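Only one structure is covered here, and it is reproduced in the block below.
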Amino acid sequence: MHKKWLSGTAGFTLVELMIVVAVIGILSAIAYPNYTSYMRRSFRSDAQQLMMRMQTRQNQLLLEQRAYATAPNALNIATSGWTCDATSCTSSRYSITFNPAVDNAATPPSYTLCAVPQANQVPDGTLTLTSTGTKMRRSGTSCTSGTDLGW
């Protein structure tokens, strides 16, 4: 016995399904770059916060000891996601160092914190923060050169 197809049968045609797939593809093409941009900004914010904490601690040490700490681990800053040793504080996205090195012989003493991006963070630029409070975000991975991108 043959069943007769009804003209009002419910279902989707192949064309309708292809339209849905195309719309999802277009939305994904717009959403993914925005998501990666947002993630870069959030990782940059983490590095900026640590740099500000390091600056605060350096100012405390200058008052207490009349000199800045010359190594990041001497600042005794413990924060989630970061590891500090004698040369740098690192995370999966940034490496923060004193570049150039701390100069306690100068009057007044000075330092520059430099956060060099790593992995997928490189397009976001390098962050610098000086002992005078000057903040800069530069293109590339150099602590001293590059186009200013705004902190």
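Labeling convention for the structure tokens: chains A, B, ... as they appear, residues from 1 per chain, ligands from 1 in order of appearance.
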Which of segment 7-72 of chain A fall in alpha helix (DSSP H), as a PyMOL selection string
chain A and resi 14-65
May I have the residues from that selection written out with N, CA and C atoms, as a short mmCIF file (atom, residue, chain, number, x, y, z; two decimals), in the first residue's frame?
data_model
loop_
_atom_site.label_atom_id
_atom_site.label_comp_id
_atom_site.auth_asym_id
_atom_site.auth_seq_id
_atom_site.Cartn_x
_atom_site.Cartn_y
_atom_site.Cartn_z
N LEU A 14 15.76 21.96 2.10
CA LEU A 14 17.22 22.11 2.11
C LEU A 14 17.61 23.59 1.98
N VAL A 15 16.89 24.34 1.22
CA VAL A 15 17.17 25.76 1.04
C VAL A 15 17.01 26.51 2.36
N GLU A 16 15.97 26.20 3.10
CA GLU A 16 15.75 26.84 4.40
C GLU A 16 16.88 26.51 5.37
N LEU A 17 17.33 25.28 5.39
CA LEU A 17 18.43 24.89 6.26
C LEU A 17 19.74 25.59 5.86
N MET A 18 19.96 25.73 4.56
CA MET A 18 21.17 26.41 4.09
C MET A 18 21.14 27.89 4.47
N ILE A 19 19.98 28.50 4.45
CA ILE A 19 19.85 29.91 4.86
C ILE A 19 20.21 30.05 6.34
N VAL A 20 19.72 29.13 7.16
CA VAL A 20 20.03 29.16 8.59
C VAL A 20 21.53 29.00 8.81
N VAL A 21 22.15 28.07 8.11
CA VAL A 21 23.59 27.85 8.23
C VAL A 21 24.35 29.11 7.81
N ALA A 22 23.92 29.78 6.74
CA ALA A 22 24.57 31.00 6.28
C ALA A 22 24.44 32.12 7.31
N VAL A 23 23.28 32.26 7.93
CA VAL A 23 23.08 33.29 8.95
C VAL A 23 23.97 33.02 10.16
N ILE A 24 24.06 31.77 10.58
CA ILE A 24 24.92 31.42 11.71
C ILE A 24 26.38 31.71 11.37
N GLY A 25 26.79 31.42 10.16
CA GLY A 25 28.15 31.70 9.72
C GLY A 25 28.46 33.20 9.74
N ILE A 26 27.53 34.02 9.29
CA ILE A 26 27.73 35.47 9.28
C ILE A 26 27.83 36.00 10.72
N LEU A 27 26.94 35.54 11.59
CA LEU A 27 26.99 35.97 12.99
C LEU A 27 28.29 35.54 13.66
N SER A 28 28.77 34.35 13.36
CA SER A 28 30.04 33.88 13.92
C SER A 28 31.21 34.72 13.41
N ALA A 29 31.17 35.09 12.16
CA ALA A 29 32.25 35.91 11.58
C ALA A 29 32.32 37.28 12.24
N ILE A 30 31.22 37.77 12.73
CA ILE A 30 31.19 39.06 13.43
C ILE A 30 31.56 38.88 14.90
N ALA A 31 31.05 37.85 15.53
CA ALA A 31 31.22 37.68 16.98
C ALA A 31 32.64 37.26 17.37
N TYR A 32 33.29 36.39 16.62
CA TYR A 32 34.59 35.89 17.04
C TYR A 32 35.66 36.97 17.14
N PRO A 33 35.81 37.86 16.14
CA PRO A 33 36.80 38.93 16.30
C PRO A 33 36.49 39.84 17.50
N ASN A 34 35.23 40.10 17.76
CA ASN A 34 34.88 40.92 18.92
C ASN A 34 35.25 40.22 20.21
N TYR A 35 35.05 38.92 20.26
CA TYR A 35 35.40 38.14 21.44
C TYR A 35 36.91 38.16 21.68
N THR A 36 37.71 37.94 20.64
CA THR A 36 39.17 37.94 20.81
C THR A 36 39.66 39.33 21.22
N SER A 37 39.06 40.37 20.68
CA SER A 37 39.43 41.73 21.07
C SER A 37 39.12 41.98 22.54
N TYR A 38 37.98 41.52 22.98
CA TYR A 38 37.60 41.66 24.39
C TYR A 38 38.57 40.91 25.29
N MET A 39 38.96 39.71 24.91
CA MET A 39 39.88 38.92 25.72
C MET A 39 41.25 39.60 25.80
N ARG A 40 41.73 40.18 24.69
CA ARG A 40 43.01 40.89 24.71
C ARG A 40 42.95 42.06 25.70
N ARG A 41 41.85 42.80 25.66
CA ARG A 41 41.70 43.93 26.58
C ARG A 41 41.69 43.46 28.03
N SER A 42 41.04 42.33 28.31
CA SER A 42 40.98 41.84 29.69
C SER A 42 42.37 41.37 30.16
N PHE A 43 43.14 40.73 29.29
CA PHE A 43 44.50 40.32 29.66
C PHE A 43 45.40 41.54 29.85
N ARG A 44 45.20 42.58 29.01
CA ARG A 44 45.96 43.82 29.18
C ARG A 44 45.64 44.45 30.52
N SER A 45 44.37 44.44 30.90
CA SER A 45 43.96 44.99 32.19
C SER A 45 44.63 44.26 33.35
N ASP A 46 44.75 42.95 33.26
CA ASP A 46 45.44 42.18 34.30
C ASP A 46 46.89 42.64 34.44
N ALA A 47 47.57 42.82 33.31
CA ALA A 47 48.97 43.26 33.34
C ALA A 47 49.07 44.68 33.90
N GLN A 48 48.16 45.55 33.51
CA GLN A 48 48.17 46.92 34.01
C GLN A 48 47.96 46.95 35.52
N GLN A 49 47.06 46.13 36.01
CA GLN A 49 46.81 46.08 37.45
C GLN A 49 48.05 45.62 38.21
N LEU A 50 48.73 44.59 37.70
CA LEU A 50 49.94 44.13 38.37
C LEU A 50 51.02 45.21 38.33
N MET A 51 51.15 45.90 37.20
CA MET A 51 52.15 46.96 37.10
C MET A 51 51.85 48.08 38.10
N MET A 52 50.60 48.41 38.28
CA MET A 52 50.23 49.45 39.25
C MET A 52 50.53 48.99 40.68
N ARG A 53 50.29 47.72 40.96
CA ARG A 53 50.63 47.17 42.29
C ARG A 53 52.14 47.20 42.51
N MET A 54 52.90 46.89 41.46
CA MET A 54 54.36 46.93 41.56
C MET A 54 54.83 48.36 41.81
N GLN A 55 54.21 49.32 41.15
CA GLN A 55 54.57 50.72 41.33
C GLN A 55 54.27 51.17 42.77
N THR A 56 53.12 50.79 43.29
CA THR A 56 52.77 51.14 44.67
C THR A 56 53.78 50.56 45.64
N ARG A 57 54.15 49.31 45.42
CA ARG A 57 55.13 48.67 46.31
C ARG A 57 56.50 49.33 46.18
N GLN A 58 56.89 49.71 44.98
CA GLN A 58 58.16 50.41 44.78
C GLN A 58 58.17 51.73 45.56
N ASN A 59 57.07 52.46 45.53
CA ASN A 59 56.98 53.72 46.25
C ASN A 59 57.09 53.49 47.76
N GLN A 60 56.49 52.42 48.25
CA GLN A 60 56.62 52.08 49.67
C GLN A 60 58.07 51.79 50.03
N LEU A 61 58.76 51.01 49.18
CA LEU A 61 60.16 50.67 49.44
C LEU A 61 61.05 51.91 49.39
N LEU A 62 60.75 52.84 48.49
CA LEU A 62 61.54 54.06 48.40
C LEU A 62 61.44 54.85 49.71
N LEU A 63 60.25 54.90 50.27
CA LEU A 63 60.07 55.60 51.55
C LEU A 63 60.76 54.87 52.70
N GLU A 64 60.66 53.55 52.71
CA GLU A 64 61.22 52.76 53.82
C GLU A 64 62.74 52.59 53.73
N GLN A 65 63.25 52.34 52.52
CA GLN A 65 64.66 51.97 52.37
C GLN A 65 65.48 52.97 51.58
#
Tell me, as a VMD selection string, which residues lie within 9 Å of Ser142 of chain A, counting only C-alpha atoms; anything in the same chain fewer than 3 positions away does not count.
chain A and resid 114 116 125 to 126 138 to 139 145 to 146
Once DSSP has gone over the backbone, tell me which residues of chain A are in strand (DSSP E), as a VMD selection string.
chain A and resid 83 to 84 89 to 90 94 to 98 112 to 117 126 to 130 135 to 138
Give me the residues within 12 Å of Asn99 of chain A as a ChimeraX atom specification, counting only C-alpha atoms and dropping any in the same chain fewer than 4 places off.
/A:70-72,87-88,95,103,110-116,126-131,142-144
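The gap separating atom CA of Ile96 of chain A from atom CA of Asn120 of chain A is 16.3 Å, in Å to one decimal.
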Best match for closeness to Val122 of chain A among A:Thr141, A:Asn73, A:Asp85, A:Ser91, counting only C-alpha atoms
A:Thr141
Report, in Å with one decimal, the straight-line distance from atom CA of Gly140 of chain A to atom CA of Thr83 of chain A.
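So the two atoms, atom CA of Gly140 of chain A and atom CA of Thr83 of chain A, lie 23.2 Å apart.
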From the options A:Gly11, A:Ala86, A:Gly133, A:Thr79, which residue's atoms come nearest to Phe98 of chain A, counting only C-alpha atoms?
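Counting only C-alpha atoms, the residue closest to Phe98 of chain A is A:Ala86.
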